[in-house]
$ cat work20.csv   # CSV, C-alpha atoms
chain,number,residue,atom,x,y,z
U,1101,ARG,CA,49.4,-29.7,53.1
U,1102,TYR,CA,47.3,-28.0,50.5
U,1103,ARG,CA,45.0,-30.3,48.5
U,1104,PRO,CA,43.5,-28.8,45.3
U,1105,ARG,CA,39.7,-28.7,45.0
U,1106,LEU,CA,37.4,-28.3,42.0
U,1107,PRO,CA,35.0,-25.4,41.7
U,1108,GLY,CA,32.2,-27.4,43.4
U,1109,GLY,CA,34.4,-27.9,46.5
U,1110,GLU,CA,35.2,-31.6,46.0
U,1111,LEU,CA,38.8,-32.8,46.1
U,1112,ALA,CA,40.5,-32.6,42.7
U,1113,PRO,CA,42.0,-35.8,41.3
U,1114,MET,CA,45.7,-35.7,41.0
U,1115,PRO,CA,48.0,-38.1,39.0
U,1116,TRP,CA,50.1,-40.4,41.1
U,1117,PRO,CA,53.4,-38.5,40.6
U,1118,VAL,CA,51.8,-35.3,41.7
U,1119,SER,CA,50.3,-37.0,44.8
U,1120,LEU,CA,53.7,-38.4,45.6
U,1121,TYR,CA,55.3,-35.0,45.2
U,1122,ARG,CA,52.7,-33.6,47.7
U,1123,VAL,CA,53.5,-36.4,50.2
U,1124,LEU,CA,57.3,-36.5,49.9
U,1125,ASN,CA,58.2,-32.9,49.5
U,1126,HIS,CA,57.2,-30.7,52.4
U,1127,VAL,CA,59.7,-28.1,51.4
U,1128,ALA,CA,58.1,-27.2,48.0
U,1129,TRP,CA,54.5,-28.1,48.5
U,1130,PRO,CA,52.3,-25.3,50.0
U,1131,LEU,CA,50.1,-25.4,53.1
U,1132,GLU,CA,46.3,-24.9,53.1
U,1133,ALA,CA,45.4,-21.2,53.0
U,1134,GLU,CA,43.7,-21.4,56.4
U,1135,SER,CA,46.6,-23.1,58.2
U,1136,GLY,CA,47.1,-21.8,61.7
U,1137,ARG,CA,50.0,-19.7,62.9
U,1138,TRP,CA,51.8,-22.6,64.6
U,1139,THR,CA,51.4,-24.8,61.6
U,1140,VAL,CA,53.0,-22.1,59.4
U,1141,PHE,CA,55.8,-21.6,62.0
U,1142,LEU,CA,56.5,-25.4,62.1
U,1143,ASP,CA,56.6,-25.6,58.3
U,1144,ARG,CA,59.0,-22.7,58.1
U,1145,LEU,CA,61.2,-24.2,60.8
U,1146,MET,CA,61.3,-27.5,58.9
U,1147,ILE,CA,62.3,-25.6,55.7
U,1148,PHE,CA,65.1,-23.8,57.6
U,1149,LEU,CA,66.4,-27.1,59.0
U,1150,GLY,CA,66.1,-28.7,55.6
U,1151,PHE,CA,68.2,-25.8,54.1
U,1152,LEU,CA,70.9,-26.4,56.7
U,1153,VAL,CA,70.9,-30.2,55.8
U,1154,PHE,CA,71.4,-29.3,52.1
U,1155,CYS,CA,74.2,-26.9,53.0
U,1156,GLU,CA,75.9,-29.7,55.0
U,1157,HIS,CA,75.6,-32.1,52.0
U,1158,ASN,CA,77.0,-29.4,49.7
U,1159,GLU,CA,80.0,-29.1,52.0
U,1160,VAL,CA,80.8,-32.8,52.2
U,1161,ASP,CA,80.1,-33.4,48.5
U,1162,PHE,CA,82.4,-30.5,47.6
U,1163,HIS,CA,85.0,-31.8,50.1
U,1164,TYR,CA,85.0,-35.1,48.2
U,1165,LEU,CA,85.7,-33.2,44.9
U,1166,ILE,CA,88.6,-31.3,46.5
U,1167,ALA,CA,90.0,-34.4,48.1
U,1168,ASN,CA,90.0,-36.2,44.7
U,1169,ARG,CA,91.1,-33.3,42.5
U,1170,GLN,CA,94.2,-35.2,41.5
U,1171,ASP,CA,92.2,-38.3,40.6
U,1172,MET,CA,90.1,-37.3,37.6
U,1173,ASP,CA,88.1,-40.5,37.5
U,1174,ASN,CA,87.0,-40.3,41.2
U,1175,MET,CA,86.3,-36.6,40.9
U,1176,LEU,CA,84.1,-37.0,37.9
U,1177,THR,CA,82.2,-39.8,39.7
U,1178,GLY,CA,81.1,-37.3,42.4
U,1179,LEU,CA,80.7,-34.2,40.2
U,1180,PRO,CA,77.2,-35.0,38.6
U,1181,THR,CA,75.5,-35.6,42.0
U,1182,TYR,CA,77.1,-32.5,43.4
U,1183,LEU,CA,75.8,-30.4,40.5
U,1184,ILE,CA,72.3,-31.9,40.8
U,1185,LEU,CA,72.4,-31.2,44.6
U,1186,VAL,CA,73.3,-27.5,44.0
U,1187,GLU,CA,70.6,-27.1,41.3
U,1188,MET,CA,67.9,-28.8,43.4
U,1189,GLN,CA,68.8,-26.7,46.4
U,1190,ILE,CA,68.3,-23.5,44.5
U,1191,ARG,CA,65.1,-24.6,42.8
U,1192,CYS,CA,63.5,-26.3,45.8
U,1193,PHE,CA,64.1,-23.5,48.3
U,1194,GLN,CA,63.2,-20.8,45.7
U,1195,LEU,CA,59.9,-22.6,45.3
U,1196,ALA,CA,59.6,-22.8,49.1
U,1197,TRP,CA,60.0,-19.0,49.2
U,1198,HIS,CA,57.0,-18.7,46.8
U,1199,LYS,CA,54.7,-21.3,48.3
U,1200,ASP,CA,51.7,-19.1,48.4
U,1201,ARG,CA,52.0,-18.2,44.7
U,1202,PHE,CA,52.3,-21.9,43.9
U,1203,ARG,CA,49.1,-22.6,45.8
U,1204,ALA,CA,47.3,-19.7,44.0
U,1205,LEU,CA,48.5,-21.1,40.7
U,1206,LEU,CA,47.0,-24.5,41.5
U,1207,GLN,CA,43.8,-22.9,42.7
U,1208,ARG,CA,43.4,-21.0,39.5
U,1209,PHE,CA,44.3,-24.0,37.4
U,1210,TYR,CA,41.7,-26.3,39.0
U,1211,ALA,CA,39.1,-23.4,39.0
U,1212,GLU,CA,39.5,-22.3,35.4
U,1213,ILE,CA,41.7,-24.6,33.3
U,1214,TYR,CA,41.4,-28.2,34.5
U,1215,VAL,CA,39.4,-30.5,32.1
U,1216,SER,CA,37.6,-33.2,34.1
U,1217,GLU,CA,36.9,-36.7,32.8
U,1218,GLU,CA,33.1,-36.2,33.4
U,1219,MET,CA,33.0,-33.0,31.4
U,1220,GLU,CA,35.1,-33.9,28.4
U,1221,PRO,CA,35.9,-37.7,28.4
U,1222,HIS,CA,37.6,-37.6,25.0
U,1223,LEU,CA,39.8,-34.6,25.7
U,1224,PHE,CA,40.7,-36.1,29.1
U,1225,ALA,CA,41.7,-39.4,27.5
U,1226,SER,CA,43.8,-37.5,25.0
U,1227,ILE,CA,45.6,-35.7,27.9
U,1228,GLN,CA,46.4,-39.0,29.6
U,1229,ARG,CA,47.9,-40.3,26.4
U,1230,GLN,CA,50.0,-37.2,26.0
U,1231,MET,CA,51.3,-37.5,29.6
U,1232,LEU,CA,52.2,-41.2,29.2
U,1233,ALA,CA,55.9,-40.5,28.5
U,1234,THR,CA,56.0,-38.2,31.5
U,1235,ARG,CA,54.5,-40.9,33.7
U,1236,VAL,CA,57.2,-43.4,32.4
U,1237,ASN,CA,59.8,-40.8,33.2
U,1238,SER,CA,58.5,-40.5,36.7
U,1239,THR,CA,58.6,-44.3,37.2
U,1240,VAL,CA,62.3,-44.3,36.2
U,1241,TYR,CA,63.0,-41.6,38.9
U,1242,LEU,CA,61.0,-43.6,41.4
U,1243,LEU,CA,63.0,-46.7,40.6
U,1244,ALA,CA,66.2,-44.7,41.2
U,1245,LEU,CA,64.8,-43.7,44.6
U,1246,LEU,CA,64.1,-47.2,45.5
U,1247,ASN,CA,67.6,-48.2,44.5
U,1248,PHE,CA,68.9,-46.1,47.4
U,1249,PHE,CA,67.6,-48.8,49.8
U,1250,LEU,CA,70.2,-51.3,48.4
U,1251,VAL,CA,73.0,-49.3,50.0
U,1252,PRO,CA,72.1,-50.2,53.7
U,1253,VAL,CA,71.6,-53.8,52.6
U,1254,THR,CA,75.1,-54.1,51.0
U,1255,ASN,CA,76.5,-52.3,54.1
U,1256,VAL,CA,75.2,-55.0,56.3
U,1257,ILE,CA,76.2,-57.9,53.9
U,1258,TYR,CA,79.8,-56.7,53.4
U,1259,HIS,CA,80.2,-55.1,56.8
U,1260,ARG,CA,80.7,-51.6,55.4
U,1261,ARG,CA,79.5,-48.1,56.4
U,1262,GLU,CA,79.2,-46.3,53.1
U,1263,MET,CA,77.0,-43.2,52.5
U,1264,LEU,CA,74.5,-43.0,49.6
U,1265,TYR,CA,76.7,-40.4,47.8
U,1266,LYS,CA,80.3,-39.6,47.3
U,1267,GLN,CA,81.2,-37.6,50.4
U,1268,VAL,CA,84.2,-36.8,52.5
U,1269,TYR,CA,83.5,-35.7,56.1
U,1270,PRO,CA,85.9,-33.7,58.3
U,1271,PHE,CA,85.4,-36.3,61.1
U,1272,ASP,CA,85.1,-40.0,61.3
U,1273,ASN,CA,81.5,-40.5,60.0
U,1274,THR,CA,81.8,-44.3,60.3
U,1275,GLN,CA,81.2,-44.2,64.0
U,1276,LEU,CA,77.7,-45.5,64.6
U,1277,HIS,CA,76.4,-42.5,66.5
U,1278,PHE,CA,77.4,-40.3,63.5
U,1279,PHE,CA,76.7,-42.8,60.7
U,1280,ILE,CA,73.1,-43.6,61.3
U,1281,PRO,CA,71.7,-40.0,61.5
U,1282,LEU,CA,73.9,-39.0,58.5
U,1283,LEU,CA,72.6,-41.9,56.5
U,1284,VAL,CA,69.0,-40.9,57.4
U,1285,LEU,CA,69.8,-37.3,56.2
U,1286,ASN,CA,71.2,-38.8,52.9
U,1287,PHE,CA,67.8,-40.6,52.4
U,1288,TRP,CA,65.9,-37.4,53.2
U,1289,VAL,CA,67.9,-35.4,50.6
U,1290,GLY,CA,67.4,-38.2,48.1
U,1291,PHE,CA,63.6,-38.1,48.6
U,1292,ILE,CA,63.4,-34.3,48.3
U,1293,ILE,CA,65.6,-34.2,45.1
U,1294,THR,CA,63.9,-37.1,43.3
U,1295,SER,CA,60.4,-35.9,44.2
U,1296,MET,CA,61.3,-32.5,42.8
U,1297,LEU,CA,62.5,-34.0,39.6
U,1298,PHE,CA,59.4,-36.0,38.8
U,1299,GLY,CA,57.0,-33.7,40.7
U,1300,GLU,CA,57.8,-30.5,38.9
U,1301,LEU,CA,57.7,-32.3,35.5
U,1302,ASN,CA,54.2,-33.7,36.1
U,1303,VAL,CA,52.8,-30.5,37.5
U,1304,MET,CA,54.0,-28.4,34.6
U,1305,GLY,CA,52.9,-31.1,32.1
U,1306,GLU,CA,49.4,-31.1,33.6
U,1307,LEU,CA,49.2,-27.4,33.3
U,1308,MET,CA,50.3,-27.3,29.7
U,1309,MET,CA,48.2,-30.2,28.4
U,1310,HIS,CA,45.0,-29.0,30.1
U,1311,LEU,CA,45.6,-25.5,28.8
U,1312,ASN,CA,46.1,-27.1,25.4
U,1313,ALA,CA,42.8,-29.0,25.8
U,1314,ARG,CA,41.0,-25.7,26.6
U,1315,TYR,CA,42.2,-24.2,23.4
U,1316,ILE,CA,40.9,-27.2,21.5
U,1317,GLN,CA,37.6,-26.8,23.3
U,1318,LEU,CA,37.5,-23.1,22.3
U,1319,GLY,CA,37.7,-24.0,18.6
U,1320,GLN,CA,35.1,-26.7,19.0
U,1321,ASP,CA,32.6,-24.3,20.7
U,1322,LEU,CA,33.2,-21.6,18.1
U,1323,ARG,CA,32.4,-23.9,15.2
U,1324,ARG,CA,29.4,-25.4,17.1
U,1325,SER,CA,27.9,-22.0,17.8
U,1326,ALA,CA,28.1,-20.9,14.2
U,1327,GLN,CA,26.5,-24.1,13.0
U,1328,MET,CA,23.6,-23.9,15.5
U,1329,LEU,CA,22.9,-20.2,14.7
U,1330,LEU,CA,22.8,-20.9,10.9
U,1331,LYS,CA,20.2,-23.6,11.5
U,1332,LYS,CA,17.9,-21.8,14.0
U,1333,SER,CA,18.3,-18.0,13.9
U,1334,SER,CA,16.4,-15.6,11.6
U,1335,SER,CA,18.2,-13.5,9.0
U,1336,LEU,CA,17.7,-10.3,11.1
U,1337,ASN,CA,19.4,-11.4,14.4
U,1338,VAL,CA,21.9,-14.0,13.3
U,1339,ALA,CA,24.8,-11.6,13.0
U,1340,ILE,CA,24.0,-10.1,16.4
U,1341,ARG,CA,23.9,-13.4,18.2
U,1342,TYR,CA,27.0,-14.6,16.4
U,1343,ARG,CA,28.8,-11.4,17.4
U,1344,LEU,CA,27.8,-12.0,21.1
U,1345,ASN,CA,29.0,-15.6,20.9
U,1346,LEU,CA,32.3,-14.6,19.3
U,1347,THR,CA,32.8,-11.9,22.0
U,1348,HIS,CA,32.3,-14.5,24.7
U,1349,ILE,CA,34.8,-16.9,22.9
U,1350,LEU,CA,37.3,-14.0,22.7
U,1351,GLN,CA,37.0,-13.3,26.4
U,1352,ARG,CA,37.7,-17.0,27.1
U,1353,ASN,CA,40.6,-16.8,24.7
U,1354,ALA,CA,42.1,-13.8,26.6
U,1355,ALA,CA,41.7,-15.6,29.9
U,1356,LEU,CA,43.6,-18.6,28.6
U,1357,LYS,CA,46.4,-16.3,27.3
U,1358,GLU,CA,46.8,-14.8,30.7
U,1359,PHE,CA,47.5,-18.2,32.2
U,1360,VAL,CA,51.3,-18.1,31.9
U,1361,TRP,CA,53.0,-19.8,34.8
U,1362,PHE,CA,56.6,-21.0,34.8
U,1363,LEU,CA,60.1,-21.1,33.4
U,1364,ALA,CA,61.3,-24.2,31.6
U,1365,LYS,CA,64.1,-26.1,33.4
U,1366,PHE,CA,66.9,-27.9,31.6
U,1367,MET,CA,66.3,-31.2,33.5
U,1368,GLU,CA,62.8,-31.5,32.0
U,1369,LEU,CA,63.5,-30.0,28.6
U,1370,LEU,CA,63.1,-33.2,26.5
U,1371,ALA,CA,59.6,-34.0,27.9
U,1372,LEU,CA,58.5,-30.4,28.1
U,1373,GLY,CA,59.7,-29.9,24.6
U,1374,MET,CA,57.3,-32.4,23.2
U,1375,LEU,CA,54.4,-30.9,25.3
U,1376,GLY,CA,55.5,-27.4,24.3
U,1377,SER,CA,55.3,-28.4,20.6
U,1378,ILE,CA,51.8,-29.7,21.1
U,1379,LEU,CA,50.7,-26.4,22.7
U,1380,LEU,CA,52.5,-24.3,20.1
U,1381,LYS,CA,50.7,-26.2,17.3
U,1382,THR,CA,47.3,-25.8,18.9
U,1383,THR,CA,47.6,-22.0,19.5
U,1384,ASP,CA,49.2,-21.5,16.0
U,1385,GLU,CA,45.9,-22.7,14.6
U,1386,LEU,CA,43.8,-20.2,16.5
U,1387,GLY,CA,44.0,-17.5,13.9
U,1388,MET,CA,42.8,-19.9,11.2
U,1389,MET,CA,40.1,-21.2,13.7
U,1390,TYR,CA,38.5,-17.7,13.7
U,1391,TYR,CA,38.9,-17.3,10.0
U,1392,THR,CA,37.2,-20.6,9.2
U,1393,ALA,CA,34.4,-20.3,11.8
U,1394,ASP,CA,31.6,-19.9,9.2
U,1395,TRP,CA,31.3,-16.1,9.8
U,1396,GLU,CA,30.8,-15.6,6.0
U,1397,GLN,CA,27.8,-17.9,6.1
U,1398,VAL,CA,26.4,-15.8,8.9
U,1399,ILE,CA,26.8,-12.6,7.0
U,1400,HIS,CA,25.4,-14.2,3.9
U,1401,GLN,CA,22.2,-15.2,5.8
U,1402,SER,CA,22.0,-11.9,7.8
U,1403,ASP,CA,20.0,-8.9,6.4
U,1404,ASN,CA,21.2,-6.5,9.1
U,1405,VAL,CA,24.0,-4.5,7.4
U,1406,GLY,CA,25.1,-2.6,10.5
U,1407,GLU,CA,25.5,-5.8,12.5
U,1408,ASN,CA,27.4,-7.4,9.6
U,1409,VAL,CA,29.9,-4.5,9.7
U,1410,LYS,CA,30.4,-4.9,13.4
U,1411,LEU,CA,30.8,-8.7,13.1
U,1412,MET,CA,33.4,-8.3,10.3
U,1413,LYS,CA,35.4,-5.9,12.5
U,1414,LEU,CA,35.2,-8.3,15.5
U,1415,VAL,CA,36.3,-11.3,13.3
U,1416,THR,CA,39.3,-9.2,12.0
U,1417,LEU,CA,40.2,-8.3,15.6
U,1418,ALA,CA,40.0,-12.0,16.6
U,1419,ILE,CA,42.3,-13.0,13.8
U,1420,GLN,CA,44.8,-10.2,14.6
U,1421,LEU,CA,44.9,-11.1,18.3
U,1422,ASN,CA,45.7,-14.7,17.5
U,1423,SER,CA,48.2,-14.0,14.6
U,1424,ARG,CA,51.0,-15.1,16.9
U,1425,PRO,CA,51.0,-18.5,18.6
U,1426,PHE,CA,51.3,-18.9,22.4
U,1427,PHE,CA,54.5,-20.5,23.5
U,1428,ILE,CA,56.5,-21.3,26.6
U,1429,THR,CA,59.9,-19.7,27.0
U,1430,GLY,CA,63.0,-21.0,28.8
U,1431,LEU,CA,64.3,-18.1,30.8
U,1432,ASN,CA,63.0,-15.8,28.1
U,1433,TYR,CA,65.9,-17.2,26.0
U,1434,PHE,CA,64.3,-19.8,23.7
U,1435,ARG,CA,60.9,-21.3,23.0
U,1436,VAL,CA,60.3,-24.6,24.6
U,1437,SER,CA,59.7,-27.0,21.7
U,1438,LEU,CA,61.1,-30.3,20.5
U,1439,THR,CA,63.1,-28.5,17.9
U,1440,ALA,CA,64.7,-26.2,20.4
U,1441,VAL,CA,65.5,-29.2,22.7
U,1442,LEU,CA,67.2,-31.1,19.8
U,1443,LYS,CA,69.3,-28.0,19.0
U,1444,ILE,CA,70.5,-27.8,22.7
U,1445,ILE,CA,71.3,-31.5,22.7
U,1446,GLN,CA,73.2,-31.2,19.5
U,1447,GLY,CA,75.2,-28.3,20.9
$ encode --input "work20.csv" --output "structure tokens"
Amino acid sequence: RYRPRLPGGELAPMPWPVSLYRVLNHVAWPLEAESGRWTVFLDRLMIFLGFLVFCEHNEVDFHYLIANRQDMDNMLTGLPTYLILVEMQIRCFQLAWHKDRFRALLQRFYAEIYVSEEMEPHLFASIQRQMLATRVNSTVYLLALLNFFLVPVTNVIYHRREMLYKQVYPFDNTQLHFFIPLLVLNFWVGFIITSMLFGELNVMGELMMHLNARYIQLGQDLRRSAQMLLKKSSSLNVAIRYRLNLTHILQRNAALKEFVWFLAKFMELLALGMLGSILLKTTDELGMMYYTADWEQVIHQSDNVGENVKLMKLVTLAIQLNSRPFFITGLNYFRVSLTAVLKIIQG
């Protein structure tokens, strides 16, 4: 399975939920780009078999709902897990269909966006603090996964043969030669679904917060370059050099804006809403960042009138390009922010 690498070729560090996602979920996680033909064939075969297992679970879960349609309490007990099963099947196998794009996204992220601890220790520490709630969320999902192992224990203690989920089979699934393989498939589906829930959340959170850090870094570099030029450059070339620096900053700004990668999912809305608000606030300040980047001091010190005019036009363009903040949308329907999430929850 694909393992992200940094621009220097060394293996990229991954947070533990993303590492678990890679290990547990062979359906969604991509293969290495240079994987052989037989490896790709085996991977696709496993995905196809996994899809059939999900279809089988859909049938017996839905059969339980039909069998208990007159008993509202029992039906509502099985309904949430059935809905999650359907949603996860759609999302997981849709991602399996686009594995190569997912790998390309990760490659670009680690090549262009990822902020390493060695390069920016303060920004990296800030990212870890912002992702703390997401890590806690992942721990809760992991505890739910471990809770599945209590079912076989209680089956042995109380001499029962119960499945992990509310299911009704069209045959006697308590016969041992049926029960054991079906229980194993229950566990496999549980691992795939749970790893999807916390894996997607952490991957998208990492993308958002490292992108947010790059925007912060952009503002810091712009202010730093203006201050250095004002101290060291002569009055004739200060505007030229500042315009070149500003052009480079704008190119980096444009590259960051192109890094748009996903659709928000309802299951992760609360956590992504907080992270989306952080990114929205940072990009909302970009227009002001260019306005307050000491360009007026550069023009005041510069004696080159022609370059001053070019610099003013470039600053105006930079402010106009960043007059609208960058934000994540959920299905192009709403902006992913904490305010939007609270409105959905209230509704």
$ atom_distance --input "work20.csv" --atom1 "atom CA of U:Arg1208" --atom2 "atom CA of U:Tyr1121"
19.2 Å
$ atom_distance --input "work20.csv" --atom1 "atom CA of U:Trp1395" --atom2 "atom CA of U:Asn1353"
17.6 Å
$ closest_residue --input "work20.csv" --among "U:Arg1261, U:Arg1101, U:Lys1332, U:Lys1266" --to "U:Leu1165" --atoms "only C-alpha atoms"
U:Lys1266
$ atom_distance --input "work20.csv" --atom1 "atom CA of U:Leu1152" --atom2 "atom CA of U:Thr1294"
18.5 Å
$ closest_residue --input "work20.csv" --among "U:Leu1223, U:Trp1138, U:Pro1104, U:Met1296" --to "U:Glu1187" --atoms "all atoms listed in the file"
U:Met1296
$ closest_residue --input "work20.csv" --among "U:Ala1112, U:Val1398, U:Ile1213, U:Ile1293" --to "U:Leu1356" --atoms "only C-alpha atoms"
U:Ile1213
$ closest_residue --input "work20.csv" --among "U:Val1127, U:Met1263, U:Leu1311, U:Leu1322" --to "U:Leu1195" --atoms "all atoms listed in the file"
U:Val1127
$ closest_residue --input "work20.csv" --among "U:Leu1264, U:Met1146, U:Val1409, U:Ala1204" --to "U:Leu1285" --atoms "all atoms listed in the file"
U:Leu1264
$ residues_around --input "work20.csv" --residues "U:Phe1209" --least-positions-apart "2" --cutoff "12 Å" --atoms "all atoms listed in the file" --output "PyMOL selection string"
chain U and resi 1104-1107+1112+1202-1207+1211-1216+1303-1304+1306-1311+1314+1355-1356+1358-1361
$ closest_residue --input "work20.csv" --among "U:Leu1179, U:Ala1326, U:Ile1349, U:Ile1316" --to "U:Tyr1265" --atoms "all atoms listed in the file"
U:Leu1179
$ residues_around --input "work20.csv" --residues "U:Asn1247" --least-positions-apart "6" --cutoff "12 Å" --atoms "all atoms listed in the file" --output "ChimeraX atom specification"
/U:1240-1241,1253-1254,1264,1287,1290-1291,1294
$ residues_near_point --input "work20.csv" --point "(56.2, -29.6, 51.6)" --cutoff "10 Å" --atoms "all atoms listed in the file" --output "number ranges by chain"
U: 1101-1102, 1121-1131, 1143-1144, 1146-1147, 1192, 1196, 1199, 1292
$ residues_around --input "work20.csv" --residues "U:Ala1339" --least-positions-apart "4" --cutoff "12 Å" --atoms "only C-alpha atoms" --output "MDAnalysis selection string"
chainID U and resid 1325:1326 1329:1330 1333:1335 1343:1346 1394:1412 1414:1415
$ residues_around --input "work20.csv" --residues "U:Glu1262" --least-positions-apart "5" --cutoff "8 Å" --atoms "only C-alpha atoms" --output "list in words"
Val1251, Asn1255 and Thr1274 of chain U
$ residues_around --input "work20.csv" --residues "U:Asn1158" --least-positions-apart "4" --cutoff "9 Å" --atoms "all atoms listed in the file" --output "ChimeraX atom specification"
/U:1153-1154,1162-1163,1182,1185-1186
